[in-house]
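Structure file input.txt with compact mmCIF, C-alpha atoms and all ligand atoms:
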# COMPACT_ATOMS: atom_id res chain seq x y z
CA MET R 1 124.48 63.48 92.80
CA ASN R 2 127.65 62.69 94.70
CA GLU R 3 128.98 59.64 92.86
CA THR R 4 130.88 58.45 95.89
CA TYR R 5 127.80 57.22 97.76
CA HIS R 6 125.99 55.51 94.90
CA ILE R 7 126.42 52.30 92.98
CA ASN R 8 128.35 52.53 89.71
CA GLU R 9 127.74 50.67 86.46
CA SER R 10 129.91 47.74 87.46
CA GLY R 11 127.96 47.20 90.66
CA TYR R 12 130.44 48.82 93.05
CA TYR R 13 130.05 51.33 95.84
CA GLY R 14 133.57 52.72 95.90
CA ALA R 15 135.81 49.73 96.61
CA PHE R 16 132.91 47.51 97.72
CA GLY R 17 130.35 45.32 95.98
CA GLY R 18 130.69 43.40 92.74
CA ALA R 19 129.53 39.86 92.04
CA PHE R 20 131.83 37.06 93.16
CA ILE R 21 129.85 33.96 92.32
CA PRO R 22 130.44 30.37 91.33
CA GLU R 23 130.35 29.60 87.60
CA MET R 24 127.09 27.65 88.08
CA LEU R 25 125.25 30.79 89.14
CA TYR R 26 126.64 33.12 86.52
CA ALA R 27 123.80 32.82 84.00
CA ASN R 28 121.16 33.30 86.68
CA VAL R 29 122.73 36.34 88.32
CA GLU R 30 123.62 37.84 84.95
CA ARG R 31 120.02 37.56 83.78
CA LEU R 32 118.86 39.29 86.93
CA ARG R 33 121.51 41.99 86.55
CA SER R 34 120.71 42.75 82.96
CA GLN R 35 116.93 42.91 83.54
CA TYR R 36 116.16 44.17 87.04
CA LEU R 37 116.18 47.90 86.35
CA GLU R 38 114.11 47.53 83.21
CA ILE R 39 111.52 45.30 84.91
CA ILE R 40 111.25 47.54 87.98
CA ALA R 41 110.82 50.62 85.81
CA LYS R 42 107.86 49.13 83.87
CA GLU R 43 104.59 50.88 84.52
CA SER R 44 102.74 47.60 85.14
CA PHE R 45 105.36 46.56 87.68
CA GLN R 46 105.20 49.89 89.50
CA GLU R 47 101.39 49.74 89.58
CA GLN R 48 101.33 46.27 91.14
CA PHE R 49 104.14 47.10 93.56
CA THR R 50 102.51 50.31 94.74
CA GLU R 51 99.07 48.77 95.05
CA LEU R 52 100.38 45.91 97.20
CA LEU R 53 102.42 48.28 99.37
CA ILE R 54 99.30 50.35 100.05
CA ASP R 55 96.53 47.77 100.32
CA TYR R 56 98.43 44.70 101.52
CA VAL R 57 101.36 46.05 103.55
CA GLY R 58 99.48 49.07 104.87
CA ARG R 59 101.76 51.84 103.59
CA PRO R 60 102.56 54.60 104.03
CA SER R 61 103.88 53.74 107.47
CA PRO R 62 103.26 56.59 109.94
CA LEU R 63 105.92 59.09 110.96
CA TYR R 64 105.11 59.53 114.63
CA LEU R 65 106.36 62.39 116.81
CA ALA R 66 107.34 60.66 120.06
CA HIS R 67 106.57 63.34 122.66
CA LYS R 68 107.95 61.66 125.75
CA LEU R 69 111.13 60.45 124.07
CA SER R 70 111.61 63.93 122.61
CA LYS R 71 111.39 65.47 126.06
CA LYS R 72 113.71 62.87 127.54
CA TYR R 73 116.45 63.21 124.91
CA GLY R 74 116.09 66.93 124.18
CA ALA R 75 115.32 66.85 120.44
CA LYS R 76 112.32 66.36 118.19
CA ILE R 77 112.23 62.60 117.81
CA TYR R 78 110.13 61.02 115.10
CA LEU R 79 109.60 57.28 114.73
CA LYS R 80 109.24 55.82 111.23
CA ARG R 81 106.84 52.99 111.99
CA GLU R 82 107.96 50.07 109.81
CA ASP R 83 106.89 47.90 112.76
CA LEU R 84 103.30 48.53 111.71
CA ASN R 85 103.75 46.90 108.31
CA HIS R 86 102.00 43.61 107.60
CA THR R 87 104.19 40.81 109.08
CA GLY R 88 105.79 43.28 111.50
CA ALA R 89 108.94 44.64 109.89
CA HIS R 90 110.40 46.44 106.87
CA LYS R 91 111.30 43.10 105.24
CA ILE R 92 107.95 42.85 103.42
CA ASN R 93 108.75 45.89 101.20
CA ASN R 94 111.57 43.92 99.60
CA THR R 95 109.82 40.55 99.35
CA ILE R 96 106.83 42.11 97.56
CA GLY R 97 109.22 43.65 95.04
CA GLN R 98 111.21 40.47 94.54
CA ILE R 99 108.22 38.14 94.18
CA LEU R 100 106.85 40.39 91.42
CA LEU R 101 110.28 40.31 89.79
CA ALA R 102 110.48 36.51 90.12
CA LYS R 103 107.11 36.21 88.39
CA GLU R 104 108.30 38.42 85.55
CA LEU R 105 111.33 36.15 85.19
CA GLY R 106 109.07 33.08 85.05
CA LYS R 107 110.45 31.48 88.24
CA LYS R 108 108.47 28.66 89.87
CA ARG R 109 110.26 28.16 93.15
CA ILE R 110 111.48 30.57 95.82
CA ILE R 111 114.26 30.10 98.34
CA ALA R 112 115.30 32.45 101.13
CA GLU R 113 117.59 32.64 104.16
CA THR R 114 116.45 34.03 107.46
CA GLY R 115 117.93 35.01 110.82
CA ALA R 116 115.26 36.31 113.15
CA GLY R 117 112.66 34.77 110.89
CA GLN R 118 111.25 38.12 109.79
CA HIS R 119 112.56 37.76 106.25
CA GLY R 120 111.45 34.12 106.20
CA VAL R 121 107.95 35.12 107.26
CA ALA R 122 107.86 37.98 104.74
CA THR R 123 108.97 35.60 101.98
CA ALA R 124 106.55 32.83 103.00
CA THR R 125 103.81 35.45 103.03
CA VAL R 126 104.35 36.69 99.48
CA CYS R 127 104.74 33.09 98.26
CA ALA R 128 101.35 32.24 99.80
CA LEU R 129 99.94 35.36 98.18
CA MET R 130 101.23 34.38 94.75
CA GLY R 131 100.86 30.60 95.09
CA ILE R 132 104.57 29.82 94.66
CA GLU R 133 106.57 27.08 96.42
CA CYS R 134 108.76 28.43 99.23
CA ILE R 135 111.77 26.99 101.05
CA VAL R 136 113.38 28.94 103.89
CA TYR R 137 116.84 28.13 105.27
CA MET R 138 117.35 29.00 108.93
CA GLY R 139 120.15 28.26 111.40
CA SER R 140 119.08 25.69 113.98
CA VAL R 141 120.06 28.08 116.80
CA ASP R 142 117.74 30.69 115.34
CA ILE R 143 114.96 28.13 114.86
CA GLU R 144 115.07 27.68 118.61
CA ARG R 145 115.23 31.35 119.66
CA GLN R 146 112.66 32.60 117.15
CA ALA R 147 110.06 29.83 117.50
CA PRO R 148 106.96 31.97 116.85
CA ASN R 149 108.26 32.95 113.42
CA VAL R 150 109.04 29.33 112.55
CA SER R 151 105.41 28.44 113.28
CA ARG R 152 104.22 31.34 111.16
CA MET R 153 106.32 30.22 108.19
CA LYS R 154 104.99 26.68 108.48
CA MET R 155 101.40 27.88 108.71
CA LEU R 156 102.01 29.97 105.58
CA GLY R 157 102.96 26.78 103.77
CA ALA R 158 106.73 27.23 103.61
CA GLU R 159 109.22 24.48 104.27
CA VAL R 160 111.78 25.50 106.92
CA ARG R 161 115.14 23.75 106.47
CA PRO R 162 117.61 23.94 109.37
CA ALA R 163 121.23 24.94 108.75
CA GLU R 164 123.48 22.94 111.07
CA SER R 165 126.97 24.23 110.19
CA GLY R 166 129.12 26.91 111.87
CA SER R 167 127.34 29.00 114.48
CA LYS R 168 124.02 27.68 113.09
CA THR R 169 122.79 31.21 112.46
CA LEU R 170 122.21 33.63 109.57
CA LYS R 171 125.54 33.20 107.75
CA ASP R 172 125.08 29.43 107.72
CA ALA R 173 121.50 29.70 106.48
CA THR R 174 122.79 31.95 103.67
CA ASN R 175 125.41 29.35 102.72
CA GLU R 176 122.70 26.67 102.49
CA ALA R 177 120.47 28.91 100.37
CA ILE R 178 123.33 29.62 97.96
CA ARG R 179 124.04 25.88 97.75
CA ASP R 180 120.39 25.23 96.88
CA TRP R 181 120.46 27.93 94.20
CA ILE R 182 123.57 26.39 92.61
CA ASN R 183 121.67 23.10 92.37
CA ASN R 184 118.48 24.71 91.01
CA PRO R 185 119.61 27.67 88.91
CA VAL R 186 116.89 27.61 86.28
CA ASP R 187 113.50 27.43 88.00
CA THR R 188 114.45 29.06 91.33
CA HIS R 189 114.69 32.69 92.43
CA TYR R 190 116.65 33.42 95.59
CA ILE R 191 115.02 36.25 97.56
CA ILE R 192 117.88 37.71 99.60
CA GLY R 193 116.60 39.60 102.63
CA SER R 194 119.13 42.39 102.95
CA VAL R 195 121.44 44.65 100.94
CA VAL R 196 124.05 41.90 100.73
CA GLY R 197 125.01 39.28 98.17
CA PRO R 198 126.31 39.69 94.61
CA HIS R 199 125.34 42.67 92.46
CA PRO R 200 122.50 43.42 91.68
CA TYR R 201 121.06 42.33 95.05
CA PRO R 202 122.35 45.19 97.23
CA ASP R 203 121.03 47.77 94.78
CA MET R 204 117.77 45.93 94.08
CA VAL R 205 116.93 45.46 97.76
CA ALA R 206 117.87 49.09 98.53
CA LEU R 207 115.56 50.24 95.72
CA PHE R 208 112.62 48.27 97.10
CA GLN R 209 113.30 49.56 100.62
CA SER R 210 113.78 53.15 99.44
CA VAL R 211 110.03 53.67 99.82
CA ILE R 212 110.85 54.33 103.50
CA SER R 213 112.83 57.52 102.85
CA GLU R 214 110.58 58.47 99.94
CA GLU R 215 107.70 58.67 102.42
CA MET R 216 109.83 60.39 105.06
CA LYS R 217 110.45 63.25 102.65
CA TRP R 218 106.80 64.23 102.19
CA GLN R 219 105.88 63.33 105.75
CA LEU R 220 108.56 65.67 107.13
CA GLN R 221 107.59 68.35 104.62
CA GLU R 222 104.02 68.16 105.92
CA LYS R 223 104.94 68.10 109.59
CA GLU R 224 108.03 70.30 109.71
CA GLY R 225 107.96 72.34 106.51
CA ARG R 226 111.28 70.84 105.40
CA ASP R 227 111.78 67.46 103.83
CA TYR R 228 114.98 66.37 105.59
CA PRO R 229 115.83 65.55 109.22
CA ASP R 230 119.07 66.40 111.02
CA TYR R 231 119.62 62.77 111.95
CA ILE R 232 118.49 59.34 110.80
CA LEU R 233 119.17 56.45 113.17
CA ALA R 234 118.89 52.82 112.08
CA CYS R 235 120.23 49.46 113.16
CA VAL R 236 122.37 47.48 110.75
CA GLY R 237 122.48 43.75 110.21
CA GLY R 238 123.06 43.47 106.49
CA GLY R 239 121.75 47.01 106.18
CA SER R 240 118.40 46.98 104.35
CA ASN R 241 116.31 49.05 106.77
CA ALA R 242 119.18 51.51 107.05
CA ALA R 243 119.56 51.61 103.25
CA GLY R 244 115.84 52.26 102.83
CA SER R 245 115.73 55.06 105.36
CA PHE R 246 118.98 56.67 104.09
CA TYR R 247 118.35 56.21 100.37
CA HIS R 248 116.88 59.58 99.40
CA TYR R 249 119.19 61.43 101.81
CA LEU R 250 122.56 60.08 100.71
CA ASP R 251 123.41 63.38 99.02
CA GLU R 252 121.63 65.53 101.64
CA LEU R 253 124.64 66.33 103.76
CA ARG R 254 122.56 68.26 106.30
CA THR R 255 121.23 64.85 107.38
CA LYS R 256 123.61 62.88 109.59
CA LEU R 257 123.37 59.11 109.19
CA TYR R 258 123.93 56.80 112.16
CA LEU R 259 124.14 53.02 112.22
CA ALA R 260 123.81 50.86 115.33
CA GLU R 261 125.89 47.73 115.09
CA ALA R 262 125.49 44.72 117.41
CA ALA R 263 128.38 44.64 119.89
CA GLY R 264 126.96 41.53 121.56
CA LYS R 265 128.67 40.98 124.91
CA GLY R 266 131.17 43.76 124.11
CA ILE R 267 133.49 44.55 121.22
CA ASP R 268 136.48 42.89 122.83
CA SER R 269 134.56 39.98 124.35
CA GLY R 270 134.97 37.66 121.38
CA HIS R 271 131.17 37.51 121.24
CA SER R 272 129.96 40.25 118.95
CA ALA R 273 128.85 41.13 115.44
CA ALA R 274 130.49 44.57 115.28
CA THR R 275 131.59 44.13 111.69
CA SER R 276 132.62 47.67 110.82
CA ILE R 277 134.85 47.93 113.88
CA LEU R 278 136.29 44.41 114.02
CA GLY R 279 136.11 43.65 110.33
CA SER R 280 138.43 44.00 107.39
CA GLU R 281 137.93 43.98 103.64
CA GLY R 282 137.12 40.67 102.06
CA ILE R 283 134.50 38.70 100.17
CA ILE R 284 131.41 37.16 101.70
CA HIS R 285 128.29 35.76 100.03
CA GLY R 286 129.24 37.16 96.65
CA SER R 287 130.34 40.70 97.36
CA ARG R 288 133.45 42.56 98.41
CA THR R 289 132.76 44.27 101.71
CA MET R 290 133.74 44.52 105.37
CA LEU R 291 133.57 41.28 107.29
CA MET R 292 134.84 39.66 110.46
CA GLN R 293 137.62 37.27 109.49
CA THR R 294 140.82 35.75 110.76
CA PRO R 295 144.15 36.91 109.24
CA ASP R 296 143.99 33.95 106.84
CA GLY R 297 140.47 34.81 105.69
CA GLN R 298 138.32 32.41 107.71
CA ILE R 299 135.04 33.97 108.80
CA ILE R 300 134.79 34.62 112.54
CA GLU R 301 131.53 33.35 114.01
CA PRO R 302 129.43 36.36 114.94
CA TYR R 303 127.29 36.72 118.04
CA SER R 304 124.38 38.97 118.99
CA ILE R 305 121.35 38.51 121.23
CA SER R 306 119.32 39.58 118.21
CA ALA R 307 119.15 37.01 115.45
CA GLY R 308 118.63 39.67 112.78
CA LEU R 309 121.97 41.39 113.52
CA ASP R 310 123.94 38.20 114.02
CA TYR R 311 125.88 38.42 110.74
CA PRO R 312 129.65 38.68 110.17
CA GLY R 313 129.34 41.06 107.19
CA ILE R 314 127.70 44.32 106.25
CA GLY R 315 126.28 45.42 102.89
CA PRO R 316 128.75 47.01 100.43
CA MET R 317 126.77 50.26 100.38
CA HIS R 318 127.30 50.70 104.12
CA ALA R 319 130.93 49.57 104.03
CA ASN R 320 131.46 52.44 101.60
CA LEU R 321 129.36 55.01 103.50
CA ILE R 322 131.37 54.25 106.62
CA LYS R 323 134.71 54.39 104.83
CA GLN R 324 133.78 57.72 103.23
CA GLY R 325 132.74 59.07 106.62
CA ARG R 326 129.18 59.65 105.37
CA ALA R 327 127.65 57.29 107.97
CA LYS R 328 128.81 56.85 111.57
CA VAL R 329 128.64 53.60 113.49
CA ILE R 330 127.87 53.20 117.17
CA PRO R 331 128.35 49.72 118.67
CA VAL R 332 125.53 48.67 121.01
CA THR R 333 125.74 45.73 123.39
CA ASP R 334 123.03 43.17 124.12
CA ILE R 335 122.23 44.70 127.47
CA GLU R 336 122.16 48.26 126.13
CA ALA R 337 119.67 47.11 123.50
CA ILE R 338 117.51 45.39 126.12
CA ASP R 339 117.48 48.57 128.21
CA ALA R 340 116.61 50.67 125.17
CA ALA R 341 113.73 48.32 124.36
CA PHE R 342 112.28 48.72 127.84
CA ASP R 343 112.86 52.47 127.66
CA LEU R 344 110.88 52.78 124.41
CA THR R 345 108.15 50.48 125.67
CA ARG R 346 107.68 52.36 128.94
CA GLU R 347 107.93 55.83 127.36
CA GLU R 348 105.87 55.33 124.22
CA GLY R 349 104.01 52.02 124.54
CA ILE R 350 105.86 50.52 121.60
CA ILE R 351 107.65 47.16 121.97
CA PRO R 352 110.40 47.14 119.34
CA ALA R 353 112.18 44.19 117.76
CA LEU R 354 115.50 43.45 119.48
CA GLU R 355 117.28 44.58 116.30
CA THR R 356 115.47 47.92 116.36
CA ALA R 357 116.24 48.38 120.06
CA HIS R 358 119.92 48.73 119.11
CA ALA R 359 119.06 51.84 117.10
CA PHE R 360 117.23 53.38 120.05
CA HIS R 361 120.25 53.06 122.32
CA MET R 362 122.01 55.60 120.11
CA LEU R 363 119.68 58.30 121.50
CA ASN R 364 121.85 58.10 124.63
CA LYS R 365 125.06 58.52 122.67
CA ILE R 366 124.45 61.57 120.48
CA ASP R 367 124.46 65.17 121.70
CA PHE R 368 121.36 66.71 120.14
CA ARG R 369 120.37 70.36 120.05
CA LYS R 370 116.81 71.08 121.15
CA GLU R 371 115.71 72.03 117.64
CA ASP R 372 117.21 68.94 115.97
CA ILE R 373 114.82 66.74 114.04
CA VAL R 374 115.68 63.07 114.51
CA VAL R 375 114.11 60.10 112.77
CA VAL R 376 114.58 56.65 114.28
CA ASN R 377 113.67 53.88 111.88
CA VAL R 378 111.55 51.40 113.83
CA SER R 379 112.48 48.44 111.65
CA GLY R 380 110.19 45.93 113.37
CA ARG R 381 108.01 45.01 116.31
CA GLY R 382 108.97 42.90 119.27
CA ASP R 383 106.37 40.14 119.36
CA LYS R 384 108.96 37.59 118.23
CA ASP R 385 111.33 38.63 121.04
CA LEU R 386 109.03 38.47 124.04
CA SER R 387 110.60 35.31 125.42
CA THR R 388 113.96 37.13 125.48
CA TYR R 389 112.58 40.37 126.94
CA ILE R 390 110.65 38.63 129.68
CA LYS R 391 113.90 37.30 131.15
CA TYR R 392 114.93 40.91 131.81
CA LEU R 393 111.60 42.11 133.17
CA ASN R 394 112.90 42.59 136.69
CA ARG R 395 116.15 44.28 135.76
CA PRO R 396 116.20 47.95 136.82
CA HIS R 397 115.72 49.96 133.65
CA ASN R 398 116.94 53.53 133.59
CA VAL R 399 119.10 54.01 130.55
CA SER R 400 119.15 57.77 130.99
CA ASP R 401 121.22 57.42 134.18
CA GLU R 402 124.07 55.59 132.51
C1 LIG R 501 116.11 41.65 109.59
C2 LIG R 501 115.91 42.76 110.51
C3 LIG R 501 116.92 43.72 110.74
C4 LIG R 501 118.30 43.62 110.15
O1 LIG R 501 118.37 43.59 108.78
P1 LIG R 501 118.78 44.85 107.91
O2 LIG R 501 118.90 44.31 106.55
O3 LIG R 501 120.06 45.38 108.46
O4 LIG R 501 117.67 45.84 108.03
C5 LIG R 501 116.64 44.79 111.56
N1 LIG R 501 115.44 44.92 112.16
C6 LIG R 501 114.46 44.01 111.98
C7 LIG R 501 113.16 44.20 112.69
C8 LIG R 501 114.66 42.90 111.16
O5 LIG R 501 113.67 42.02 111.01
Show me, as structure tokens, the structure contained in the file I just sent.
Ligand SMILES: *Cc1c(COP(=O)(O)O)cnc(C)c1O
Amino acid sequence: MNETYHINESGYYGAFGGAFIPEMLYANVERLRSQYLEIIAKESFQEQFTELLIDYVGRPSPLYLAHKLSKKYGAKIYLKREDLNHTGAHKINNTIGQILLAKELGKKRIIAETGAGQHGVATATVCALMGIECIVYMGSVDIERQAPNVSRMKMLGAEVRPAESGSKTLKDATNEAIRDWINNPVDTHYIIGSVVGPHPYPDMVALFQSVISEEMKWQLQEKEGRDYPDYILACVGGGSNAAGSFYHYLDELRTKLYLAEAAGKGIDSGHSAATSILGSEGIIHGSRTMLMQTPDGQIIEPYSISAGLDYPGIGPMHANLIKQGRAKVIPVTDIEAIDAAFDLTREEGIIPALETAHAFHMLNKIDFRKEDIVVVNVSGRGDKDLSTYIKYLNRPHNVSDE
């Protein structure tokens, strides 16, 4: 194992990570930190987790050889179909794990933050399943642009509380959730939706999502006679779908790892969420990582057409992978993502989430060899984004001519 890419005993990936939390949360986070590995390793926990992933989520998710895309981009392109999971994205893998953990810890109340609403829906779903109270914080801008998911959360019995500060998006919802947790440290578990936040969250969420690359290994072995691809492509908001699809390949240096970051209206437009390019080292939501900030440390409001990528930070694992040169980042603008979404839909009949569409744009940017095996992680489906897509229906779509 190459130590450089993995978390160490103090909760750091290289220079990034740690747990920078208010005094009031110390006992809660410390309890989680000291127990999560032991709880997850228990046989009874693993049995319940696996059973729910299979029978409730619908795992394993297929690894689909996309024939038309392969022909178009001149490589063997496989799609890891997390969009086919129950509730429509990879988020459910993590919420199933965390709700089981919360039960083990005797928690009676769940809080969560959400951007696109996918994590909110996945959390509301597992709370309904387990009969636990659920409160989801969501920026009021996101409540508007992701209306179908808000309705789903309400139908599932969750309370959706709007966050009205800042850009009224994911970062602000996260601030509200942390505030709630400070006020309710004993009975409440905070289900964070990505590989962000104080240690042990980045590692815990990555572990729950690692089922994605665990399946890829045997699926590729079956289909290709080797268990690793030449490339894995994923979009990155906080980084959980990327972490899950990279996890078992971190030390497999024959596999190149690519991250698509939201460039919004363009890197230099002042309206983007291209954290790794525009960011610098600092602390956000409890961990030391890369984030977009002013010289005096104020967070710069991020922007992306996709609510799930609209975040000014990036998980500490990815900050380190990028710094070490293990993962490469390609910035993708709103319009490039829209074009990629139409491209995938017209070529393969799959409507991706707007977040996922960013990953697909990278197919245009990488020079593949014909024999390369490429896996694109299809983090979620596009039902929630139809009102955005439909505005671009009459735009000429031919990404390959760019
Ligand atoms: C939430 C979300 C993302 C971004 O979150 P990560 O933690 O970076 O994976 C990407 N795609 C979809 C479909 C999402 O719902």
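Atom CA of R:Arg326 sits 8.2 Å away from atom CA of R:Leu253.
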Query - Shell of 10 Å around R:Leu250, only C-alpha atoms, local chain residues under 6 positions omitted, as an MDAnalysis selection string - result: chainID R and resid 1:2 4:6 243 256:257 321 326:327
Residues just named, written with C-alpha atoms as a PDB file, in the frame of the given file:
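Output file result-v4.pdb is given in full below:
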ATOM      1  CA  MET R   1     124.480  63.480  92.800  1.00  0.00           C
ATOM      2  CA  ASN R   2     127.650  62.690  94.700  1.00  0.00           C
ATOM      3  CA  THR R   4     130.880  58.450  95.890  1.00  0.00           C
ATOM      4  CA  TYR R   5     127.800  57.220  97.760  1.00  0.00           C
ATOM      5  CA  HIS R   6     125.990  55.510  94.900  1.00  0.00           C
ATOM      6  CA  ALA R 243     119.560  51.610 103.250  1.00  0.00           C
ATOM      7  CA  LYS R 256     123.610  62.880 109.590  1.00  0.00           C
ATOM      8  CA  LEU R 257     123.370  59.110 109.190  1.00  0.00           C
ATOM      9  CA  LEU R 321     129.360  55.010 103.500  1.00  0.00           C
ATOM     10  CA  ARG R 326     129.180  59.650 105.370  1.00  0.00           C
ATOM     11  CA  ALA R 327     127.650  57.290 107.970  1.00  0.00           C
TER      12      ALA R 327
END
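Of the listed residues R:Ala19, R:Ala234, R:Ile300, R:Leu386, the one whose atoms come nearest to ligand LIG 501 (chain R) is R:Ala234, with distances taken using all atoms listed in the file.
When all atoms listed in the file are used to measure the gap to R:Leu52, the shortest distance among R:Gln324, R:Ser34, R:Ser306, R:Asn94 belongs to R:Asn94.
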Test item: residues no farther than 8 Å from ligand LIG 501 (chain R), counting only C-alpha atoms and all ligand atoms, as a PDB file with C-alpha atoms, keeping the file's coordinate frame:
ATOM      1  CA  ASP R  83     106.890  47.900 112.760  1.00  0.00           C
ATOM      2  CA  GLY R  88     105.790  43.280 111.500  1.00  0.00           C
ATOM      3  CA  ALA R  89     108.940  44.640 109.890  1.00  0.00           C
ATOM      4  CA  HIS R  90     110.400  46.440 106.870  1.00  0.00           C
ATOM      5  CA  LYS R  91     111.300  43.100 105.240  1.00  0.00           C
ATOM      6  CA  THR R 114     116.450  34.030 107.460  1.00  0.00           C
ATOM      7  CA  GLY R 115     117.930  35.010 110.820  1.00  0.00           C
ATOM      8  CA  ALA R 116     115.260  36.310 113.150  1.00  0.00           C
ATOM      9  CA  GLY R 117     112.660  34.770 110.890  1.00  0.00           C
ATOM     10  CA  GLN R 118     111.250  38.120 109.790  1.00  0.00           C
ATOM     11  CA  HIS R 119     112.560  37.760 106.250  1.00  0.00           C
ATOM     12  CA  GLY R 193     116.600  39.600 102.630  1.00  0.00           C
ATOM     13  CA  SER R 194     119.130  42.390 102.950  1.00  0.00           C
ATOM     14  CA  VAL R 195     121.440  44.650 100.940  1.00  0.00           C
ATOM     15  CA  CYS R 235     120.230  49.460 113.160  1.00  0.00           C
ATOM     16  CA  VAL R 236     122.370  47.480 110.750  1.00  0.00           C
ATOM     17  CA  GLY R 237     122.480  43.750 110.210  1.00  0.00           C
ATOM     18  CA  GLY R 238     123.060  43.470 106.490  1.00  0.00           C
ATOM     19  CA  GLY R 239     121.750  47.010 106.180  1.00  0.00           C
ATOM     20  CA  SER R 240     118.400  46.980 104.350  1.00  0.00           C
ATOM     21  CA  ASN R 241     116.310  49.050 106.770  1.00  0.00           C
ATOM     22  CA  ALA R 242     119.180  51.510 107.050  1.00  0.00           C
ATOM     23  CA  ALA R 243     119.560  51.610 103.250  1.00  0.00           C
ATOM     24  CA  GLY R 308     118.630  39.670 112.780  1.00  0.00           C
ATOM     25  CA  LEU R 309     121.970  41.390 113.520  1.00  0.00           C
ATOM     26  CA  PRO R 352     110.400  47.140 119.340  1.00  0.00           C
ATOM     27  CA  ALA R 353     112.180  44.190 117.760  1.00  0.00           C
ATOM     28  CA  LEU R 354     115.500  43.450 119.480  1.00  0.00           C
ATOM     29  CA  GLU R 355     117.280  44.580 116.300  1.00  0.00           C
ATOM     30  CA  THR R 356     115.470  47.920 116.360  1.00  0.00           C
ATOM     31  CA  VAL R 378     111.550  51.400 113.830  1.00  0.00           C
ATOM     32  CA  SER R 379     112.480  48.440 111.650  1.00  0.00           C
ATOM     33  CA  GLY R 380     110.190  45.930 113.370  1.00  0.00           C
ATOM     34  CA  ARG R 381     108.010  45.010 116.310  1.00  0.00           C
ATOM     35  CA  GLY R 382     108.970  42.900 119.270  1.00  0.00           C
TER      36      GLY R 382
END
Requested in this report: Show which residues sit within 7 Å of R:His271, as a PyMOL selection string. Count all atoms listed in the file, and ignore same-chain residues fewer than 4 positions away.
Outcome: chain R and resi 264-266+302-303
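Reported to one decimal place, the separation of atom CA of R:His361 from atom CA of R:Tyr392 is 16.3 Å.
Take the candidates R:Thr188, R:Thr87, R:Gln146, R:Ser140 and check each one against R:Val121 using all atoms listed in the file; the shortest distance goes to R:Thr87.
For the set R:Ser276, R:Thr169, R:Asn175, R:Asn184, the residue with the smallest atom-to-atom gap to R:Arg145 is R:Thr169, counting only C-alpha atoms.
For R:Phe20, the non-local neighbours within 9 Å, defined as residues at least 5 positions apart in the same chain or in other chains and counting only C-alpha atoms, are Gly197, Pro198, His199, Ile283, Ile284, His285, Gly286, Ser287 and Arg288 of chain R.
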For the selection just defined, write its residues with C-alpha atoms to a file, as a PDB file, keeping the file's coordinate frame.
ATOM      1  CA  GLY R 197     125.010  39.280  98.170  1.00  0.00           C
ATOM      2  CA  PRO R 198     126.310  39.690  94.610  1.00  0.00           C
ATOM      3  CA  HIS R 199     125.340  42.670  92.460  1.00  0.00           C
ATOM      4  CA  ILE R 283     134.500  38.700 100.170  1.00  0.00           C
ATOM      5  CA  ILE R 284     131.410  37.160 101.700  1.00  0.00           C
ATOM      6  CA  HIS R 285     128.290  35.760 100.030  1.00  0.00           C
ATOM      7  CA  GLY R 286     129.240  37.160  96.650  1.00  0.00           C
ATOM      8  CA  SER R 287     130.340  40.700  97.360  1.00  0.00           C
ATOM      9  CA  ARG R 288     133.450  42.560  98.410  1.00  0.00           C
TER      10      ARG R 288
END
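Minimum atom-to-atom distances from R:Lys217, R:Lys154, R:Lys323, R:Lys108 to R:Asp187 were compared using only C-alpha atoms, and the lowest value belongs to R:Lys108.
Checking R:Tyr73, R:Trp218, R:Tyr78, R:Phe208 one by one against R:Tyr36, counting only C-alpha atoms, you find the shortest gap at R:Phe208.
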